[in-house]
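Asker: Pasting in a structure now, in C-alpha cells, and then I'll have a few things to ask.
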Amino acid sequence: MNVSRFHRLVIFLLVIFSLRVTYGAATQSPSPTDGSLYLGTAWYPEQWPELRWETDLALMEAAHIRFVRITEFAWSAMEPSEGHYDLDWVERAIRLAEKHHIAVVLGTPSAAPPAWLTFKYPETLRTKEDGRKDEHGNRQQFDWSNAKYRELAGNMAEQMAIHFGHDPNVIGWQIDNEYANESYGADTRSQFQAWLKARYITLDNLNAKWTTSYWSQTYSDWSQIPIETFGGNPGLLLSWRRFVSDTWRSYQKIQIEKIREHSDPRQFITTNMMGFFDAYDHYTVSQDLDFASWDDYVGTGQLDPVRNGAAHDLTRGFLRRNFWVMETQPGFVNWSKDNNALNKGETRAMAWHDIGHGADAVSYWQWRSALNGQEEYHGTLVGADGTPVPLYEEVAQIGKEFDKAGPALKGTEPHSEVAILHSYDSRWAINWQRHNQKFDPIDALISYYGPLRDLVHTIDIVSPSVSLTQYKLVVAPALNVLTDEQAKNLMDYVRGGGHLVLGQRSGMKNVDNGLEIERQPGPLVEMLGGRVEQYYALDRDVPISGDWGIGNSKIWAEQLSLGDPQGKVLMRYGKSNGWLDGQPAAITRSVGNGSITYIGAWLDEGTMSAAAKWMVMTSGIHPPVIKLPKGVDLYVRSNGQKCIWILINFAADSAEVTLPQQMTDILAGSKVGAVTLKQYGVAVLSKE
Ligand code: GAL
C-alpha cells in the first residue's frame, strides 16, 4: 500500500467512526424489520471487489440505512452462461448486509438481459415501432411478449427464489425494473389479434364497436388488424394499450408465480413504477403485487409538493394501501435537462413528504456510481472514491429520524373523505385527441387536487371502478371514457348520498373509445338533469361569474344546459364567442341525499379555490382545524389508535404553526403547543 492510499484509508475509517458515534453504533441498531419506516439504497455489489462490500455496508449502517435493493441488473453475474447460475456472491452479500442489520430486497434482473442470451435467442429482442430490432448494450432491449424471454426470465427468478425465498434477511422482491417499452414484431401482432378475438368474439362486433365503416377500415380477417399507437382508430388505439397492460401483467405474473412457489409469504413482491407514466394501465398491473412502489425523481428544478404529492396519492391508489418509494434522487439525476441538485434540507423534506403521503420506505438511487457506464454523473451517497458526499449526512439524519418515528407511524395510513378519479382509458383517449394541445389530463387533475388538498390535506386518487362509499366527495376531473359499470358505480355512489363532481370532457366516450350516443356526460345525463350542449377549445380565456366569484375559463369551455328546475346554475360564462355568452358553466342537482355537479369550465386558480371550498362545505367534510402559513403542508396518517401529523415548510421563510392542542413532537421528544419550521423544516407530531 503506498502512503497516499494509507492516508485515505485512515481518514476514511475515522469518518466511519465519527458517523457511528454521531448516529449510533451497530449494536444499537434495531433489526431491519422492527420499524415501520425503511430507509434504503440501491447497491450493486457485482460492480465492486468483494473486499469493498463491508466498508460500504458499514457506511450504510452508520447512516441508518435499513435495506439495500440489489441484483436488479445483475443477470450476467448471476447466470454467466445459460443454465449456469452463480448465486454464491449474492448469498455472501446478503450475509454481510445482515451483519450490518441491513435487510435485502432482491430485484429480478429481467430489465437487463445478458449478451449471451441476446445472441443465442435473437427473437427475444424487442422490435421497435419503426420495425428495427433493438440490440444489446443498453437495457430493456427485450420483448415483453416473447415466450422464450419470459421462460428465461422466469427461470432466473425461480433460481433466485429457490436460493433466497426463505432467507431471513430477504424481506421482499422487486420484479424487473420500470416496465416501459413494448415490442411491435409480427408475433406480438398475432398475440394482439388473438387478444382482440377473445375480447370482441366476432369481427362483425369489432367492426361495429370501432365503426370501421369510417374510412373503409372494415376487417374481414383478424390478421388484417394492425398495431397503432397514435393517430389510428380510437378503438384500436385503446385496445392496443389494454393489450399492452395485460401483457405486462402476464409477463410479471410468470416471475411472481415462480417466486411465490419457493418463498415465504412474509416476503413481499412489488415492482417499481413511475408516477404519472402512462404506457400501461397501472391498476391492471398492480393487481398481483403486495403493494405498489414508484421511482420518485424531481429532475430539473425543485420539488413541487402538489404535483409530486398527487403522484404519491396515485401510487397509493393502485392498491389502496401504503406504498414504497423504491428509488429517489440523492441530490440530482443525470438524465434531465438541467441536473441541478435539490437544495440543502430539501432531500429530507422530500423524504418526509413521501412518508406523509403513505410511503413506508424511501430508497436512494444509488449508493455509488459504477466507475463506467451510462450514469456516471448521477447523484450518489458516496463518491467515486467511496467516501461520503455532502448529502450523506442529511440522509443519515433522515435515517435516524425514521428510526425514531417508525414505531409511531407503524400501521398508520393516510385516510381521506375525498377521492379524485383517475383513469388511464380517459387519459389516453384525451391525449390521442386533445383538441386543444394545452388540454393535459394531468394538469386538469392537478387543478382540482391542489386547492382541495389545501383544504382537506389528504386526498385519495383512485380508479372509477372501485367502491366509493367511504367518500363524502368524489371528483372526476376529465373522466372522458366511462364504461357502463363505472357509470353505474358513480350513480350508486350518488344515490347512496355522495357528492359527485364531474369535470370537463367527462362521460363523452364509451368503453371502446367511441362517442356516447348521448351528449356528455352520457349515461349520467339523466341523473344530472342537464348536459353539455357543445364543447369549445379556447384560444383565449372566457369570463365566468357566479357562486364561486368572478374569473376565467381557460383552455376549454363547455356550454351546459339544465333541464330540471330543481337543479341550480352555479356559474355562467360572460361575453365571449357568442355561443357561450350567458350560458351555464357549472350546474348542480340534488339526488335524494346525494348530489351531482358538472363543471364545464377550466376554472382559474381563484374560482377553483372557491369551488373547492364549496365542494368541501356542501359535502359535509370537516378537515382538521388548523391555520397553516403559506407553503406549510400538513399530512395526516392514522389508524384506530393513533393519529400522526407531519408538518413541512416548503416556503423560503420560517413559519410558526400553532397547534390546535398539545402534541408530542416525536423528533424533538417534547410536548409542544406550537412549532417553528425553518425552510424545509419538518415536524412529526403525535396527537395522543
Ligand atoms: C431509474 C432507473 C434506475 C436509474 C435511475 C436514474 O429510472 O430505474 O435504474 O437509471 O432511473 O435516475
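Ordered as shown in the C-alpha cells, chains take letters A, B, and onward, while each chain numbers its residues from 1 and ligands are numbered from 1 in the order shown.
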Skip stretch 175-178 of chain A itself and residues of its chain fewer than 4 positions away, then list as a PDB file with all heavy atoms, in the first residue's frame all residues within 7 Å of it, counting only C-alpha atoms.
Answerer:
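This is the output file out.pdb:
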ATOM      1  N   GLU A  72     -30.957  -6.110  -9.379  1.00  0.00           N
ATOM      2  CA  GLU A  72     -31.961  -5.894 -10.425  1.00  0.00           C
ATOM      3  C   GLU A  72     -31.358  -5.685 -11.817  1.00  0.00           C
ATOM      4  O   GLU A  72     -32.103  -5.684 -12.792  1.00  0.00           O
ATOM      5  CB  GLU A  72     -32.976  -4.810 -10.038  1.00  0.00           C
ATOM      6  CG  GLU A  72     -32.653  -3.397 -10.414  1.00  0.00           C
ATOM      7  CD  GLU A  72     -31.758  -2.725  -9.404  1.00  0.00           C
ATOM      8  OE1 GLU A  72     -31.213  -3.419  -8.538  1.00  0.00           O
ATOM      9  OE2 GLU A  72     -31.580  -1.504  -9.497  1.00  0.00           O
ATOM     10  N   GLY A 107     -33.984  -7.764  -6.570  1.00  0.00           N
ATOM     11  CA  GLY A 107     -34.618  -7.414  -7.841  1.00  0.00           C
ATOM     12  C   GLY A 107     -34.399  -8.534  -8.834  1.00  0.00           C
ATOM     13  O   GLY A 107     -33.276  -9.025  -8.978  1.00  0.00           O
ATOM     14  N   THR A 108     -35.452  -8.949  -9.524  1.00  0.00           N
ATOM     15  CA  THR A 108     -35.221  -9.912 -10.606  1.00  0.00           C
ATOM     16  C   THR A 108     -34.628  -9.122 -11.781  1.00  0.00           C
ATOM     17  O   THR A 108     -35.042  -7.988 -12.041  1.00  0.00           O
ATOM     18  CB  THR A 108     -36.512 -10.650 -11.019  1.00  0.00           C
ATOM     19  OG1 THR A 108     -37.418  -9.720 -11.600  1.00  0.00           O
ATOM     20  CG2 THR A 108     -37.153 -11.346  -9.828  1.00  0.00           C
ATOM     21  N   PRO A 109     -33.658  -9.710 -12.480  1.00  0.00           N
ATOM     22  CA  PRO A 109     -32.831  -8.885 -13.380  1.00  0.00           C
ATOM     23  C   PRO A 109     -33.346  -8.787 -14.807  1.00  0.00           C
ATOM     24  O   PRO A 109     -32.585  -8.461 -15.714  1.00  0.00           O
ATOM     25  CB  PRO A 109     -31.501  -9.637 -13.336  1.00  0.00           C
ATOM     26  CG  PRO A 109     -31.906 -11.068 -13.194  1.00  0.00           C
ATOM     27  CD  PRO A 109     -33.167 -11.089 -12.377  1.00  0.00           C
ATOM     28  N   SER A 110     -34.613  -9.033 -15.025  1.00  0.00           N
ATOM     29  CA  SER A 110     -35.090  -9.173 -16.408  1.00  0.00           C
ATOM     30  C   SER A 110     -35.079  -7.873 -17.212  1.00  0.00           C
ATOM     31  O   SER A 110     -35.299  -7.910 -18.428  1.00  0.00           O
ATOM     32  CB  SER A 110     -36.488  -9.794 -16.420  1.00  0.00           C
ATOM     33  OG  SER A 110     -37.304  -9.187 -15.448  1.00  0.00           O
ATOM     34  N   ALA A 111     -34.805  -6.735 -16.579  1.00  0.00           N
ATOM     35  CA  ALA A 111     -34.713  -5.490 -17.362  1.00  0.00           C
ATOM     36  C   ALA A 111     -33.372  -5.377 -18.082  1.00  0.00           C
ATOM     37  O   ALA A 111     -33.181  -4.456 -18.870  1.00  0.00           O
ATOM     38  CB  ALA A 111     -34.923  -4.281 -16.459  1.00  0.00           C
ATOM     39  N   GLN A 252     -45.203 -10.202 -15.881  1.00  0.00           N
ATOM     40  CA  GLN A 252     -44.839 -10.077 -14.467  1.00  0.00           C
ATOM     41  C   GLN A 252     -45.292 -11.306 -13.673  1.00  0.00           C
ATOM     42  O   GLN A 252     -44.606 -11.788 -12.779  1.00  0.00           O
ATOM     43  CB  GLN A 252     -45.501  -8.810 -13.929  1.00  0.00           C
ATOM     44  CG  GLN A 252     -45.434  -8.620 -12.432  1.00  0.00           C
ATOM     45  CD  GLN A 252     -46.184  -7.361 -11.993  1.00  0.00           C
ATOM     46  OE1 GLN A 252     -45.591  -6.319 -11.837  1.00  0.00           O
ATOM     47  NE2 GLN A 252     -47.485  -7.471 -11.781  1.00  0.00           N
ATOM     48  N   THR A 270     -43.181  -6.616  -5.201  1.00  0.00           N
ATOM     49  CA  THR A 270     -43.631  -5.345  -5.762  1.00  0.00           C
ATOM     50  C   THR A 270     -42.885  -5.107  -7.067  1.00  0.00           C
ATOM     51  O   THR A 270     -42.081  -5.934  -7.501  1.00  0.00           O
ATOM     52  CB  THR A 270     -43.397  -4.190  -4.754  1.00  0.00           C
ATOM     53  OG1 THR A 270     -43.982  -2.985  -5.264  1.00  0.00           O
ATOM     54  CG2 THR A 270     -41.916  -3.935  -4.484  1.00  0.00           C
ATOM     55  N   THR A 271     -43.187  -4.005  -7.725  1.00  0.00           N
ATOM     56  CA  THR A 271     -42.356  -3.566  -8.837  1.00  0.00           C
ATOM     57  C   THR A 271     -42.294  -2.048  -8.786  1.00  0.00           C
ATOM     58  O   THR A 271     -43.187  -1.416  -8.229  1.00  0.00           O
ATOM     59  CB  THR A 271     -42.882  -4.065 -10.200  1.00  0.00           C
ATOM     60  OG1 THR A 271     -41.865  -3.857 -11.186  1.00  0.00           O
ATOM     61  CG2 THR A 271     -44.125  -3.334 -10.649  1.00  0.00           C
ATOM     62  N   ASN A 272     -41.245  -1.487  -9.346  1.00  0.00           N
ATOM     63  CA  ASN A 272     -41.090  -0.031  -9.260  1.00  0.00           C
ATOM     64  C   ASN A 272     -41.685   0.649 -10.488  1.00  0.00           C
ATOM     65  O   ASN A 272     -41.204   0.467 -11.599  1.00  0.00           O
ATOM     66  CB  ASN A 272     -39.629   0.367  -9.039  1.00  0.00           C
ATOM     67  CG  ASN A 272     -38.676  -0.238 -10.048  1.00  0.00           C
ATOM     68  OD1 ASN A 272     -38.966  -1.261 -10.672  1.00  0.00           O
ATOM     69  ND2 ASN A 272     -37.529   0.393 -10.235  1.00  0.00           N
ATOM     70  N   MET A 273     -42.745   1.414 -10.245  1.00  0.00           N
ATOM     71  CA  MET A 273     -43.444   2.095 -11.338  1.00  0.00           C
ATOM     72  C   MET A 273     -42.981   3.557 -11.416  1.00  0.00           C
ATOM     73  O   MET A 273     -42.039   3.935 -10.713  1.00  0.00           O
ATOM     74  CB  MET A 273     -44.939   1.929 -11.125  1.00  0.00           C
ATOM     75  CG  MET A 273     -45.310   0.453 -11.203  1.00  0.00           C
ATOM     76  SD  MET A 273     -47.042   0.090 -11.061  1.00  0.00           S
ATOM     77  CE  MET A 273     -47.180  -0.169  -9.322  1.00  0.00           C
ATOM     78  N   MET A 274     -43.659   4.340 -12.224  1.00  0.00           N
ATOM     79  CA  MET A 274     -43.099   5.682 -12.498  1.00  0.00           C
ATOM     80  C   MET A 274     -44.144   6.785 -12.429  1.00  0.00           C
ATOM     81  O   MET A 274     -44.338   7.541 -13.390  1.00  0.00           O
ATOM     82  CB  MET A 274     -42.433   5.679 -13.867  1.00  0.00           C
ATOM     83  CG  MET A 274     -41.164   4.866 -13.923  1.00  0.00           C
ATOM     84  SD  MET A 274     -40.334   5.028 -15.504  1.00  0.00           S
ATOM     85  CE  MET A 274     -41.173   3.798 -16.466  1.00  0.00           C
TER      86      MET A 274
END
Asker: Within 7 Å of ligand 1, which residues of chain A come that close, and what is the closest atom pair and distance in Å for each? Count only C-alpha atoms and all ligand atoms and give it as a Markdown table.
Answerer:
| residue | atom | partner | partner_atom_place_in_ligand_line | distance |
| --- | --- | --- | --- | --- |
| A:Asn177 | CA | ligand 1 | 8 (O) | 5.8 |
| A:Glu178 | CA | ligand 1 | 8 (O) | 5.8 |
| A:Asp295 | CA | ligand 1 | 1 (C) | 6.6 |
| A:Tyr297 | CA | ligand 1 | 12 (O) | 6.9 |
| A:Gln329 | CA | ligand 1 | 12 (O) | 6.6 |
| A:Val333 | CA | ligand 1 | 12 (O) | 5.3 |
| A:Asn334 | CA | ligand 1 | 12 (O) | 6.6 |
| A:Trp335 | CA | ligand 1 | 12 (O) | 6.8 |
| A:Trp365 | CA | ligand 1 | 5 (C) | 6.3 |
| A:His378 | CA | ligand 1 | 6 (C) | 6.8 |
Asker: Leaving out stretch 666-676 of chain A and any residue of its chain fewer than 6 positions from it, which residues lie within 8 Å of it when counting only C-alpha atoms, given as a JSON list (two decimals) with all heavy atoms, in the first residue's frame?
Answerer:
[["chain", "number", "residue", "atom", "x", "y", "z"],
["A", 401, "GLU", "N", -34.10, 9.76, 11.95],
["A", 401, "GLU", "CA", -35.48, 10.19, 12.24],
["A", 401, "GLU", "C", -36.48, 9.08, 11.91],
["A", 401, "GLU", "O", -37.47, 8.91, 12.62],
["A", 401, "GLU", "CB", -35.79, 11.45, 11.45],
["A", 401, "GLU", "CG", -34.99, 12.64, 11.95],
["A", 401, "GLU", "CD", -35.17, 13.90, 11.11],
["A", 401, "GLU", "OE1", -35.76, 13.83, 10.01],
["A", 401, "GLU", "OE2", -34.69, 14.96, 11.55],
["A", 404, "LYS", "N", -36.57, 6.82, 14.74],
["A", 404, "LYS", "CA", -37.25, 7.43, 15.88],
["A", 404, "LYS", "C", -38.77, 7.42, 15.71],
["A", 404, "LYS", "O", -39.52, 7.10, 16.62],
["A", 404, "LYS", "CB", -36.77, 8.89, 16.00],
["A", 404, "LYS", "CG", -36.42, 9.28, 17.39],
["A", 404, "LYS", "CD", -35.92, 10.70, 17.39],
["A", 404, "LYS", "CE", -35.24, 10.96, 18.71],
["A", 404, "LYS", "NZ", -34.65, 12.29, 18.74],
["A", 405, "ALA", "N", -39.22, 7.83, 14.52],
["A", 405, "ALA", "CA", -40.66, 7.98, 14.30],
["A", 405, "ALA", "C", -41.33, 6.71, 13.81],
["A", 405, "ALA", "O", -42.55, 6.61, 13.80],
["A", 405, "ALA", "CB", -40.89, 9.11, 13.29],
["A", 654, "SER", "N", -39.09, 31.20, 7.59],
["A", 654, "SER", "CA", -39.51, 30.40, 8.74],
["A", 654, "SER", "C", -41.00, 30.58, 8.97],
["A", 654, "SER", "O", -41.55, 31.64, 8.68],
["A", 654, "SER", "CB", -38.80, 30.90, 10.00],
["A", 654, "SER", "OG", -37.60, 30.26, 10.13],
["A", 655, "ALA", "N", -41.65, 29.56, 9.48],
["A", 655, "ALA", "CA", -43.09, 29.66, 9.74],
["A", 655, "ALA", "C", -43.40, 29.14, 11.13],
["A", 655, "ALA", "O", -42.78, 28.17, 11.60],
["A", 655, "ALA", "CB", -43.84, 28.85, 8.69],
["A", 656, "GLU", "N", -44.35, 29.78, 11.76],
["A", 656, "GLU", "CA", -44.78, 29.37, 13.10],
["A", 656, "GLU", "C", -46.17, 28.75, 12.94],
["A", 656, "GLU", "O", -47.06, 29.35, 12.34],
["A", 656, "GLU", "CB", -44.81, 30.63, 13.98],
["A", 656, "GLU", "CG", -45.56, 30.51, 15.28],
["A", 656, "GLU", "CD", -44.61, 30.27, 16.45],
["A", 656, "GLU", "OE1", -43.38, 30.48, 16.27],
["A", 656, "GLU", "OE2", -45.09, 29.86, 17.52],
["A", 657, "VAL", "N", -46.35, 27.55, 13.44],
["A", 657, "VAL", "CA", -47.66, 26.91, 13.34],
["A", 657, "VAL", "C", -48.18, 26.65, 14.75],
["A", 657, "VAL", "O", -47.54, 25.96, 15.55],
["A", 657, "VAL", "CB", -47.58, 25.56, 12.57],
["A", 657, "VAL", "CG1", -48.97, 24.96, 12.41],
["A", 657, "VAL", "CG2", -46.91, 25.74, 11.23],
["A", 658, "THR", "N", -49.35, 27.23, 15.05],
["A", 658, "THR", "CA", -49.97, 26.98, 16.34],
["A", 658, "THR", "C", -50.84, 25.73, 16.21],
["A", 658, "THR", "O", -51.67, 25.63, 15.30],
["A", 658, "THR", "CB", -50.86, 28.18, 16.75],
["A", 658, "THR", "OG1", -50.05, 29.35, 16.63],
["A", 658, "THR", "CG2", -51.38, 28.04, 18.16],
["A", 659, "LEU", "N", -50.63, 24.80, 17.10],
["A", 659, "LEU", "CA", -51.36, 23.53, 17.02],
["A", 659, "LEU", "C", -52.69, 23.66, 17.76],
["A", 659, "LEU", "O", -52.79, 24.41, 18.74],
["A", 659, "LEU", "CB", -50.51, 22.41, 17.63],
["A", 659, "LEU", "CG", -49.11, 22.26, 17.01],
["A", 659, "LEU", "CD1", -48.29, 21.24, 17.79],
["A", 659, "LEU", "CD2", -49.24, 21.84, 15.55],
["A", 660, "PRO", "N", -53.69, 22.93, 17.33],
["A", 660, "PRO", "CA", -55.00, 23.04, 18.00],
["A", 660, "PRO", "C", -54.99, 22.46, 19.41],
["A", 660, "PRO", "O", -55.90, 22.69, 20.19],
["A", 660, "PRO", "CB", -55.93, 22.27, 17.08],
["A", 660, "PRO", "CG", -55.07, 21.42, 16.23],
["A", 660, "PRO", "CD", -53.73, 22.06, 16.15],
["A", 683, "ALA", "N", -41.82, 18.65, 11.14],
["A", 683, "ALA", "CA", -42.21, 18.23, 12.50],
["A", 683, "ALA", "C", -43.11, 17.01, 12.37],
["A", 683, "ALA", "O", -44.00, 16.96, 11.51],
["A", 683, "ALA", "CB", -42.95, 19.35, 13.21],
["A", 684, "VAL", "N", -42.83, 16.01, 13.19],
["A", 684, "VAL", "CA", -43.67, 14.81, 13.21],
["A", 684, "VAL", "C", -44.33, 14.79, 14.58],
["A", 684, "VAL", "O", -43.65, 14.71, 15.61],
["A", 684, "VAL", "CB", -42.83, 13.53, 12.98],
["A", 684, "VAL", "CG1", -43.73, 12.30, 12.93],
["A", 684, "VAL", "CG2", -42.03, 13.66, 11.69],
["A", 685, "LEU", "N", -45.66, 14.90, 14.59],
["A", 685, "LEU", "CA", -46.37, 15.14, 15.85],
["A", 685, "LEU", "C", -47.38, 14.05, 16.10],
["A", 685, "LEU", "O", -48.08, 13.60, 15.19],
["A", 685, "LEU", "CB", -47.10, 16.48, 15.76],
["A", 685, "LEU", "CG", -46.20, 17.68, 15.39],
["A", 685, "LEU", "CD1", -47.03, 18.81, 14.80],
["A", 685, "LEU", "CD2", -45.45, 18.15, 16.63],
["A", 686, "SER", "N", -47.46, 13.66, 17.37],
["A", 686, "SER", "CA", -48.43, 12.64, 17.72],
["A", 686, "SER", "C", -49.52, 13.29, 18.56],
["A", 686, "SER", "O", -49.24, 14.08, 19.45],
["A", 686, "SER", "CB", -47.72, 11.54, 18.50],
["A", 686, "SER", "OG", -48.68, 10.76, 19.15]]
Asker: Need the shell around A:Pro45: protein/DNA/RNA residues with any atom at most 12 Å away, counting only C-alpha atoms. Skip same-chain ones fewer than 3 positions apart. Format as a PyMOL selection string?
Answerer: chain A and resi 42+48-57+68-74+77-78+89-94+96-97+366-370
Asker: Rank nothing, just name the residue among A:Gly631, A:Gly592, A:Gly546, A:Gly514 nearest to A:Gly496, using only C-alpha atoms.
Answerer: A:Gly592
Asker: Can you check which parts of stretch 440-517 of chain A lie within 6 Å of stretch 610-629 of chain A? Per residue, the shortest pair of atoms and distance in Å to one decimal, counting only C-alpha atoms, sorted by chain and number, as a Markdown table.
Answerer:
| residue | atom | partner | partner_atom | distance |
| --- | --- | --- | --- | --- |
| A:Leu452 | CA | A:Ala612 | CA | 5.5 |
| A:Val456 | CA | A:Pro623 | CA | 5.1 |
| A:Lys472 | CA | A:Ser619 | CA | 5.7 |
| A:Leu473 | CA | A:Ser619 | CA | 6.0 |
